[in-house]
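Report on the following structure.
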Amino acid sequence: MRAGRGVGLVLALVLGACRASGPGAPGDAGVPPPPGAATGVSCEALLAADLRELVLPGFAVKEDRACATCGPLCTFRSAAEPGTTVSLSYNCEPRDPSADVRELLAPTLNAGGVEVPALGRAAARRVPIPGMLQVVAWDDDTPCVLVVTWLGGGPERAVDVMRTALLGTNTSSVEAVRSLATGAPPSTPGDAGPPPETGAPPGPP
């Protein structure tokens, strides 16, 4: 399979998985903003270089957008492994925290996937085509759904990439991903503004 065709296939599958994991997200409207627009959130911020080197040593990252409401789509390639393409996507839309794990896994399991134990809140894996492994996982302390798609040699490494990506996902990165989707800047402690007035001013001491 040619490298360009492989990248296109990975992007198509990631986009489908990203949309399937969301609660009925609307379709893309117009041209999505560039990666990190107005927020500075990036693949480098979501998966720090030191963590990335543990599971993808020597891989360079390219950043795209899978859809207007998704977080960054991070694609990793290595000159030492020209036939391998790895992608990592984030969807951090709020969802019902009481949702049953089986319901979360259902789309992947119905597509022929199998559950992956002890990986986030819930995780499943499937083989869309020979030589490709896709792992979908729900973070256990944020609303994020992560999708890792590995095309090329050693696809089992996709599970290690997912485990590391979940480790790097935290509330700060989630806030940045949400603001990227909505176009609003991330909230900070100083954004609350002055307290509202509550009636007459206090009397003299």
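Ordering of the structure tokens sets the chain letters (A, B, ...), residue numbers begin anew at 1 in every chain, and ligands are numbered from 1 in the order given.
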Handout entry: Contact residues around region 45-61 of chain A with only C-alpha atoms at 7 Å, ignoring same-chain residues under 5 positions, as a list of chain:residue names
Key =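 Those residues are A:Cys74, A:Thr75, A:Phe76, A:Arg77, A:Ser78, A:Asp160, A:Val161, A:Thr164, A:Ala165, A:Gly168, A:Thr169, A:Ser173.
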Quick one: write out the picked residues with C-alpha atoms as a compact mmCIF listing (two decimals), in the first residue's frame?
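Wrote selection18.txt, looks like this:
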```txt
# COMPACT_ATOMS: atom_id res chain seq x y z
CA CYS A 74 -2.25 13.82 15.49
CA THR A 75 -0.55 11.74 12.79
CA PHE A 76 2.86 10.18 13.46
CA ARG A 77 5.36 9.00 10.85
CA SER A 78 8.97 7.81 11.07
CA ASP A 160 0.74 1.00 24.36
CA VAL A 161 0.20 4.30 22.54
CA THR A 164 0.37 6.49 27.26
CA ALA A 165 -2.07 8.95 25.68
CA GLY A 168 -1.17 12.38 29.38
CA THR A 169 -4.86 13.41 29.24
CA SER A 173 -5.80 19.51 28.20
```
Problem - d(CA of Ala80 (chain A), CA of Thr149 (chain A)) in Å - result: 18.7 Å
Exercise for the section: Within 6 Å of region 83-99 of chain A, counting only C-alpha atoms, which residues show up once you throw out same-chain ones fewer than 5 positions away? Write them as a list of chain:residue names, please. Expected result: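 With the cut-off at 6 Å, the set is A:Cys70, A:Gly71, A:Leu73, A:Cys74, A:Thr75, A:Phe76, A:Arg77, A:Pro143, A:Cys144, A:Val145, A:Leu146, A:Val147, A:Val148, A:Thr149, A:Trp150, A:Leu151, A:Gly152.
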Problem - Test item, strand (DSSP E) assignment across region 53-166 of chain A, answer as a PyMOL selection string - result: chain A and resi 60-65+72-78+81-91+114-115+122-126+132-138+145-151
Produce a file of the selected residues containing N, CA and C atoms, as a compact mmCIF listing (two decimals), in the first residue's frame.
```txt
# COMPACT_ATOMS: atom_id res chain seq x y z
N ALA A 60 7.87 11.66 14.01
CA ALA A 60 7.50 13.07 13.93
C ALA A 60 5.99 13.18 13.89
N VAL A 61 5.46 14.29 14.40
CA VAL A 61 4.01 14.47 14.48
C VAL A 61 3.55 15.56 13.53
N LYS A 62 2.42 15.31 12.88
CA LYS A 62 1.74 16.30 12.05
C LYS A 62 0.34 16.48 12.60
N GLU A 63 -0.11 17.73 12.66
CA GLU A 63 -1.39 18.03 13.28
C GLU A 63 -2.44 18.45 12.26
N ASP A 64 -3.63 17.85 12.37
CA ASP A 64 -4.76 18.19 11.49
C ASP A 64 -6.00 18.29 12.35
N ARG A 65 -7.14 18.50 11.69
CA ARG A 65 -8.43 18.48 12.36
C ARG A 65 -9.32 17.45 11.68
N PRO A 72 -7.64 17.97 18.21
CA PRO A 72 -6.63 17.76 17.16
C PRO A 72 -6.56 16.30 16.73
N LEU A 73 -6.19 16.10 15.48
CA LEU A 73 -5.88 14.77 14.96
C LEU A 73 -4.37 14.73 14.75
N CYS A 74 -3.70 13.89 15.51
CA CYS A 74 -2.25 13.82 15.49
C CYS A 74 -1.82 12.60 14.67
N THR A 75 -1.03 12.82 13.64
CA THR A 75 -0.55 11.74 12.79
C THR A 75 0.96 11.63 12.95
N PHE A 76 1.45 10.42 13.18
CA PHE A 76 2.86 10.18 13.46
C PHE A 76 3.47 9.32 12.37
N ARG A 77 4.63 9.76 11.86
CA ARG A 77 5.36 9.00 10.85
C ARG A 77 6.84 8.98 11.23
N SER A 78 7.54 7.94 10.79
CA SER A 78 8.97 7.81 11.07
C SER A 78 9.70 7.40 9.80
N GLU A 81 10.54 3.81 9.72
CA GLU A 81 9.44 2.89 9.45
C GLU A 81 8.50 3.52 8.43
N PRO A 82 8.95 3.63 7.17
CA PRO A 82 8.16 4.36 6.17
C PRO A 82 6.79 3.75 5.89
N GLY A 83 6.59 2.49 6.20
CA GLY A 83 5.31 1.85 5.94
C GLY A 83 4.33 1.93 7.10
N THR A 84 4.69 2.68 8.14
CA THR A 84 3.85 2.76 9.33
C THR A 84 3.27 4.15 9.51
N THR A 85 1.97 4.22 9.73
CA THR A 85 1.28 5.48 10.04
C THR A 85 0.46 5.26 11.30
N VAL A 86 0.62 6.17 12.26
CA VAL A 86 -0.10 6.09 13.52
C VAL A 86 -0.87 7.39 13.70
N SER A 87 -2.12 7.30 14.11
CA SER A 87 -2.90 8.51 14.38
C SER A 87 -3.50 8.44 15.77
N LEU A 88 -3.71 9.62 16.35
CA LEU A 88 -4.33 9.74 17.66
C LEU A 88 -5.31 10.90 17.60
N SER A 89 -6.58 10.65 17.90
CA SER A 89 -7.58 11.71 17.87
C SER A 89 -8.27 11.82 19.21
N TYR A 90 -8.79 13.02 19.48
CA TYR A 90 -9.45 13.32 20.74
C TYR A 90 -10.86 13.86 20.47
N ASN A 91 -11.84 13.37 21.24
CA ASN A 91 -13.18 13.93 21.22
C ASN A 91 -13.58 14.10 22.69
N VAL A 114 -13.27 -6.24 20.11
CA VAL A 114 -13.26 -6.96 21.38
C VAL A 114 -12.84 -5.98 22.47
N GLU A 115 -13.32 -6.22 23.67
CA GLU A 115 -13.01 -5.34 24.79
C GLU A 115 -11.56 -5.49 25.22
N ALA A 122 -13.21 2.44 29.77
CA ALA A 122 -13.64 1.36 28.89
C ALA A 122 -12.84 1.45 27.62
N ALA A 123 -12.55 0.33 27.00
CA ALA A 123 -11.77 0.33 25.76
C ALA A 123 -12.09 -0.90 24.94
N ALA A 124 -11.95 -0.75 23.65
CA ALA A 124 -12.16 -1.86 22.73
C ALA A 124 -11.21 -1.70 21.55
N ARG A 125 -10.96 -2.79 20.87
CA ARG A 125 -10.06 -2.80 19.73
C ARG A 125 -10.71 -3.56 18.58
N ARG A 126 -10.34 -3.17 17.37
CA ARG A 126 -10.84 -3.90 16.21
C ARG A 126 -9.82 -3.81 15.09
N MET A 132 -3.98 -3.38 10.17
CA MET A 132 -4.37 -2.17 10.88
C MET A 132 -5.06 -2.55 12.18
N LEU A 133 -4.73 -1.83 13.25
CA LEU A 133 -5.40 -2.01 14.53
C LEU A 133 -5.91 -0.66 15.02
N GLN A 134 -7.17 -0.60 15.40
CA GLN A 134 -7.75 0.63 15.94
C GLN A 134 -8.23 0.36 17.36
N VAL A 135 -7.81 1.24 18.28
CA VAL A 135 -8.18 1.13 19.68
C VAL A 135 -8.96 2.38 20.07
N VAL A 136 -10.14 2.18 20.66
CA VAL A 136 -10.98 3.27 21.13
C VAL A 136 -11.08 3.15 22.65
N ALA A 137 -10.84 4.26 23.36
CA ALA A 137 -10.88 4.21 24.82
C ALA A 137 -11.51 5.48 25.39
N TRP A 138 -12.22 5.31 26.50
CA TRP A 138 -12.81 6.42 27.24
C TRP A 138 -11.96 6.66 28.46
N VAL A 145 -12.89 10.78 24.65
CA VAL A 145 -12.76 9.53 23.91
C VAL A 145 -11.53 9.67 23.04
N LEU A 146 -10.62 8.73 23.12
CA LEU A 146 -9.40 8.73 22.32
C LEU A 146 -9.45 7.57 21.34
N VAL A 147 -8.95 7.81 20.14
CA VAL A 147 -8.88 6.77 19.11
C VAL A 147 -7.46 6.71 18.59
N VAL A 148 -6.84 5.55 18.71
CA VAL A 148 -5.52 5.30 18.14
C VAL A 148 -5.68 4.33 16.98
N THR A 149 -5.16 4.70 15.83
CA THR A 149 -5.20 3.84 14.65
C THR A 149 -3.78 3.59 14.18
N TRP A 150 -3.41 2.33 14.09
CA TRP A 150 -2.04 1.95 13.71
C TRP A 150 -2.13 1.16 12.41
N LEU A 151 -1.44 1.65 11.39
CA LEU A 151 -1.37 0.97 10.10
C LEU A 151 0.09 0.69 9.79
```
